[in-house]
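Novice: Following this line is model-v1.csv, made up of CSV, N, CA and C atoms:
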```csv
chain,number,residue,atom,x,y,z
A,494,MET,N,-89.9,151.5,176.2
A,494,MET,CA,-89.8,152.9,175.9
A,494,MET,C,-88.8,153.6,177.0
A,495,PRO,N,-87.9,154.4,176.4
A,495,PRO,CA,-86.9,154.9,177.4
A,495,PRO,C,-87.5,156.0,178.3
A,496,THR,N,-86.9,156.1,179.5
A,496,THR,CA,-87.3,157.1,180.4
A,496,THR,C,-86.7,158.4,180.1
A,497,GLN,N,-87.3,159.5,180.7
A,497,GLN,CA,-86.7,160.8,180.5
A,497,GLN,C,-85.3,160.9,180.9
A,498,GLU,N,-84.9,160.2,182.0
A,498,GLU,CA,-83.5,160.2,182.4
A,498,GLU,C,-82.6,159.5,181.4
A,499,GLN,N,-83.1,158.4,180.8
A,499,GLN,CA,-82.3,157.7,179.8
A,499,GLN,C,-82.1,158.6,178.6
A,500,ILE,N,-83.1,159.3,178.2
A,500,ILE,CA,-83.0,160.2,177.1
A,500,ILE,C,-82.1,161.4,177.3
A,501,LYS,N,-82.2,161.9,178.5
A,501,LYS,CA,-81.2,163.0,178.9
A,501,LYS,C,-79.8,162.5,178.9
A,502,ASP,N,-79.6,161.3,179.4
A,502,ASP,CA,-78.2,160.7,179.5
A,502,ASP,C,-77.7,160.5,178.1
A,503,GLU,N,-78.5,160.0,177.2
A,503,GLU,CA,-78.0,159.8,175.8
A,503,GLU,C,-77.7,161.1,175.1
A,504,ASP,N,-78.6,162.1,175.3
A,504,ASP,CA,-78.3,163.5,174.7
A,504,ASP,C,-77.0,164.0,175.3
A,505,LYS,N,-76.8,163.8,176.5
A,505,LYS,CA,-75.5,164.3,177.1
A,505,LYS,C,-74.3,163.6,176.5
A,506,ARG,N,-74.4,162.3,176.3
A,506,ARG,CA,-73.3,161.6,175.7
A,506,ARG,C,-73.1,162.0,174.3
A,507,ILE,N,-74.2,162.2,173.5
A,507,ILE,CA,-74.0,162.7,172.2
A,507,ILE,C,-73.4,164.1,172.1
A,508,ARG,N,-73.7,165.0,173.0
A,508,ARG,CA,-73.1,166.3,173.0
A,508,ARG,C,-71.6,166.2,173.3
A,509,TYR,N,-71.2,165.3,174.3
A,509,TYR,CA,-69.8,165.1,174.6
A,509,TYR,C,-69.1,164.6,173.4
A,510,LEU,N,-69.7,163.6,172.7
A,510,LEU,CA,-69.0,163.0,171.5
A,510,LEU,C,-68.9,164.1,170.4
A,511,ARG,N,-69.9,164.8,170.1
A,511,ARG,CA,-69.8,165.9,169.1
A,511,ARG,C,-68.7,166.9,169.4
A,512,ARG,N,-68.6,167.3,170.7
A,512,ARG,CA,-67.6,168.2,171.2
A,512,ARG,C,-66.2,167.6,170.9
A,513,MET,N,-66.1,166.4,171.3
A,513,MET,CA,-64.8,165.7,171.1
A,513,MET,C,-64.4,165.6,169.6
A,514,VAL,N,-65.3,165.3,168.8
A,514,VAL,CA,-65.1,165.3,167.3
A,514,VAL,C,-64.7,166.6,166.8
A,515,ASP,N,-65.4,167.7,167.2
A,515,ASP,CA,-65.1,169.0,166.8
A,515,ASP,C,-63.7,169.5,167.2
A,516,LEU,N,-63.4,169.2,168.5
A,516,LEU,CA,-62.1,169.6,169.0
A,516,LEU,C,-61.0,168.8,168.3
A,517,THR,N,-61.2,167.6,168.1
A,517,THR,CA,-60.2,166.8,167.4
A,517,THR,C,-60.0,167.3,165.9
A,518,MET,N,-61.0,167.6,165.3
A,518,MET,CA,-60.9,168.1,163.9
A,518,MET,C,-60.2,169.4,163.9
A,519,TYR,N,-60.5,170.3,164.8
A,519,TYR,CA,-59.8,171.6,164.9
A,519,TYR,C,-58.4,171.4,165.3
A,520,LEU,N,-58.0,170.5,166.2
A,520,LEU,CA,-56.7,170.2,166.5
A,520,LEU,C,-55.9,169.7,165.3
A,521,ILE,N,-56.4,168.9,164.5
A,521,ILE,CA,-55.8,168.4,163.3
A,521,ILE,C,-55.6,169.5,162.3
A,522,ILE,N,-56.6,170.3,162.1
A,522,ILE,CA,-56.5,171.4,161.1
A,522,ILE,C,-55.5,172.4,161.5
A,523,ASP,N,-55.5,172.7,162.8
A,523,ASP,CA,-54.7,173.9,163.2
A,523,ASP,C,-53.4,173.5,163.8
A,524,SER,N,-52.8,172.4,163.5
A,524,SER,CA,-51.5,172.0,164.0
A,524,SER,C,-50.7,171.5,162.9
A,525,ASP,N,-49.4,171.3,163.2
A,525,ASP,CA,-48.5,170.7,162.2
A,525,ASP,C,-48.2,169.3,162.5
A,526,MET,N,-49.1,168.6,163.2
A,526,MET,CA,-48.9,167.2,163.5
A,526,MET,C,-48.8,166.3,162.2
A,527,GLY,N,-48.1,165.2,162.3
A,527,GLY,CA,-48.0,164.3,161.1
A,527,GLY,C,-49.2,163.5,161.0
A,528,LEU,N,-49.3,162.8,159.9
A,528,LEU,CA,-50.4,162.0,159.5
A,528,LEU,C,-50.7,160.9,160.6
A,529,GLU,N,-49.6,160.2,161.0
A,529,GLU,CA,-49.7,159.2,162.0
A,529,GLU,C,-50.3,159.7,163.3
A,530,ASP,N,-49.9,160.8,163.7
A,530,ASP,CA,-50.5,161.4,165.0
A,530,ASP,C,-51.9,161.7,164.8
A,531,ALA,N,-52.3,162.3,163.6
A,531,ALA,CA,-53.7,162.6,163.3
A,531,ALA,C,-54.5,161.4,163.3
A,532,GLN,N,-54.0,160.3,162.7
A,532,GLN,CA,-54.8,159.0,162.7
A,532,GLN,C,-54.9,158.5,164.1
A,533,ARG,N,-53.9,158.7,165.0
A,533,ARG,CA,-54.0,158.2,166.4
A,533,ARG,C,-55.1,159.0,167.1
A,534,HIS,N,-55.2,160.3,166.8
A,534,HIS,CA,-56.2,161.1,167.5
A,534,HIS,C,-57.6,160.7,167.0
A,535,VAL,N,-57.8,160.4,165.7
A,535,VAL,CA,-59.1,159.9,165.2
A,535,VAL,C,-59.4,158.6,165.9
A,536,GLU,N,-58.5,157.7,166.0
A,536,GLU,CA,-58.7,156.4,166.6
A,536,GLU,C,-59.1,156.6,168.1
A,537,GLY,N,-58.5,157.6,168.7
A,537,GLY,CA,-58.8,157.9,170.1
A,537,GLY,C,-60.2,158.4,170.3
A,538,VAL,N,-60.7,159.2,169.3
A,538,VAL,CA,-62.1,159.7,169.4
A,538,VAL,C,-63.0,158.5,169.1
A,539,ARG,N,-62.6,157.6,168.3
A,539,ARG,CA,-63.5,156.4,168.0
A,539,ARG,C,-63.6,155.6,169.3
A,540,ASN,N,-62.5,155.4,169.9
A,540,ASN,CA,-62.5,154.6,171.2
A,540,ASN,C,-63.3,155.3,172.2
A,541,TYR,N,-63.2,156.6,172.3
A,541,TYR,CA,-64.1,157.4,173.2
A,541,TYR,C,-65.5,157.2,172.9
A,542,ALA,N,-65.9,157.2,171.6
A,542,ALA,CA,-67.3,156.9,171.2
A,542,ALA,C,-67.7,155.6,171.7
A,543,LEU,N,-66.8,154.6,171.6
A,543,LEU,CA,-67.2,153.2,172.0
A,543,LEU,C,-67.4,153.1,173.5
A,544,THR,N,-66.7,153.9,174.3
A,544,THR,CA,-67.0,153.9,175.7
A,544,THR,C,-68.3,154.6,176.0
A,545,LEU,N,-68.7,155.6,175.2
A,545,LEU,CA,-70.0,156.2,175.4
A,545,LEU,C,-71.1,155.4,174.9
A,546,PHE,N,-70.9,154.7,173.8
A,546,PHE,CA,-71.9,153.9,173.1
A,546,PHE,C,-71.3,152.6,172.7
A,547,PRO,N,-71.2,151.6,173.7
A,547,PRO,CA,-70.6,150.3,173.4
A,547,PRO,C,-71.3,149.6,172.2
A,548,GLY,N,-70.5,149.0,171.4
A,548,GLY,CA,-71.1,148.2,170.3
A,548,GLY,C,-71.6,149.1,169.1
A,549,LYS,N,-71.3,150.4,169.1
A,549,LYS,CA,-71.8,151.2,168.0
A,549,LYS,C,-70.7,151.8,167.1
A,550,GLY,N,-69.6,151.0,167.0
A,550,GLY,CA,-68.5,151.4,166.2
A,550,GLY,C,-68.9,151.6,164.7
A,551,ASP,N,-69.8,150.8,164.2
A,551,ASP,CA,-70.2,150.9,162.9
A,551,ASP,C,-71.0,152.2,162.6
A,552,VAL,N,-71.7,152.7,163.6
A,552,VAL,CA,-72.4,153.9,163.5
A,552,VAL,C,-71.4,155.1,163.5
A,553,PHE,N,-70.4,155.0,164.3
A,553,PHE,CA,-69.4,156.1,164.3
A,553,PHE,C,-68.7,156.1,163.0
A,554,ASP,N,-68.4,154.9,162.4
A,554,ASP,CA,-67.8,154.9,161.1
A,554,ASP,C,-68.6,155.5,160.0
A,555,LEU,N,-69.9,155.3,160.1
A,555,LEU,CA,-70.9,155.8,159.1
A,555,LEU,C,-71.0,157.3,159.2
A,556,VAL,N,-71.1,157.8,160.5
A,556,VAL,CA,-71.4,159.2,160.7
A,556,VAL,C,-70.2,160.1,160.7
A,557,TYR,N,-69.1,159.7,161.4
A,557,TYR,CA,-67.9,160.5,161.5
A,557,TYR,C,-66.8,160.1,160.7
A,558,GLY,N,-66.8,158.8,160.2
A,558,GLY,CA,-65.7,158.3,159.4
A,558,GLY,C,-65.4,159.1,158.2
A,559,PRO,N,-66.5,159.4,157.4
A,559,PRO,CA,-66.3,160.2,156.2
A,559,PRO,C,-65.7,161.6,156.5
A,560,ARG,N,-66.2,162.2,157.5
A,560,ARG,CA,-65.7,163.6,157.9
A,560,ARG,C,-64.2,163.6,158.2
A,561,PHE,N,-63.8,162.6,159.0
A,561,PHE,CA,-62.3,162.5,159.3
A,561,PHE,C,-61.5,162.1,158.1
A,562,LYS,N,-62.1,161.2,157.3
A,562,LYS,CA,-61.4,160.8,156.0
A,562,LYS,C,-61.1,162.0,155.1
A,563,ARG,N,-62.2,162.8,154.9
A,563,ARG,CA,-62.1,164.0,154.1
A,563,ARG,C,-61.0,165.0,154.6
A,564,LEU,N,-61.0,165.1,156.0
A,564,LEU,CA,-60.1,166.0,156.6
A,564,LEU,C,-58.7,165.5,156.4
A,565,LEU,N,-58.4,164.3,156.6
A,565,LEU,CA,-57.1,163.7,156.4
A,565,LEU,C,-56.6,163.8,155.0
A,566,ILE,N,-57.5,163.6,154.1
A,566,ILE,CA,-57.2,163.6,152.6
A,566,ILE,C,-56.8,165.1,152.3
A,567,GLU,N,-57.6,166.0,152.7
A,567,GLU,CA,-57.3,167.4,152.4
A,567,GLU,C,-56.0,167.9,153.1
A,568,LYS,N,-55.9,167.6,154.4
A,568,LYS,CA,-54.8,168.1,155.1
A,568,LYS,C,-53.5,167.5,154.7
A,569,TYR,N,-53.4,166.3,154.4
A,569,TYR,CA,-52.2,165.6,154.1
A,569,TYR,C,-52.0,165.2,152.6
A,570,SER,N,-52.9,165.8,151.8
A,570,SER,CA,-52.8,165.6,150.3
A,570,SER,C,-52.8,164.1,149.9
A,571,LEU,N,-53.6,163.4,150.5
A,571,LEU,CA,-53.7,162.0,150.2
A,571,LEU,C,-54.7,161.8,149.0
A,572,SER,N,-54.5,160.7,148.3
A,572,SER,CA,-55.4,160.4,147.2
A,572,SER,C,-56.2,159.1,147.4
```
For this file, produce the structure as structure tokens.
Specialist:
Amino acid sequence: MPTQEQIKDEDKRIRYLRRMVDLTMYLIIDSDMGLEDAQRHVEGVRNYALTLFPGKGDVFDLVYGPRFKRLLIEKYSLS
């Protein structure tokens, strides 16, 4: 069973990740960057998530992957 300190640490890392996801989405929406730059930013957030939660790339892909995919499709008129 995790300790209170471990729970607090995980909550803190989750908040950091959510903030990074939100900031990255806002940056992509509100800028004129190209698709490749946007994809690099998404990959950077994924790498950041892996530093916070090693071995959890599949969870990132399940939770945040669809949000970023929708954003890129809408922003860059992809099909």
Novice: If you count only C-alpha atoms, which residues fall within 7 Å of range 502-517 of chain A, apart from same-chain ones fewer than 3 positions away, as a PyMOL selection string?
Specialist: chain A and resi 498-499+520-521+534+538+542+545
Novice: Between CA of Val535 in chain A and CA of Phe561 in chain A, what is the distance in Å, rounded to a tenth?
Specialist: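 Separation between CA of Val535 in chain A and CA of Phe561 in chain A: 7.2 Å.
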Novice: Go ahead and compute the interatomic distance for atom C of Lys568 in chain A and atom N of Gly550 in chain A, in Å to one decimal.
Specialist: 26.1 Å
Novice: Please provide the set of residues having any atom within 8 Å of Leu528 in chain A, restricted to only N, CA and C atoms, with same-chain residues fewer than 3 positions apart removed, written as number ranges by chain.
Specialist: A: 525, 531-534, 565, 568-569
Novice: In Å, with one decimal, what is the gap from CA of Tyr541 in chain A to CA of Ser524 in chain A?
Specialist: 21.4 Å
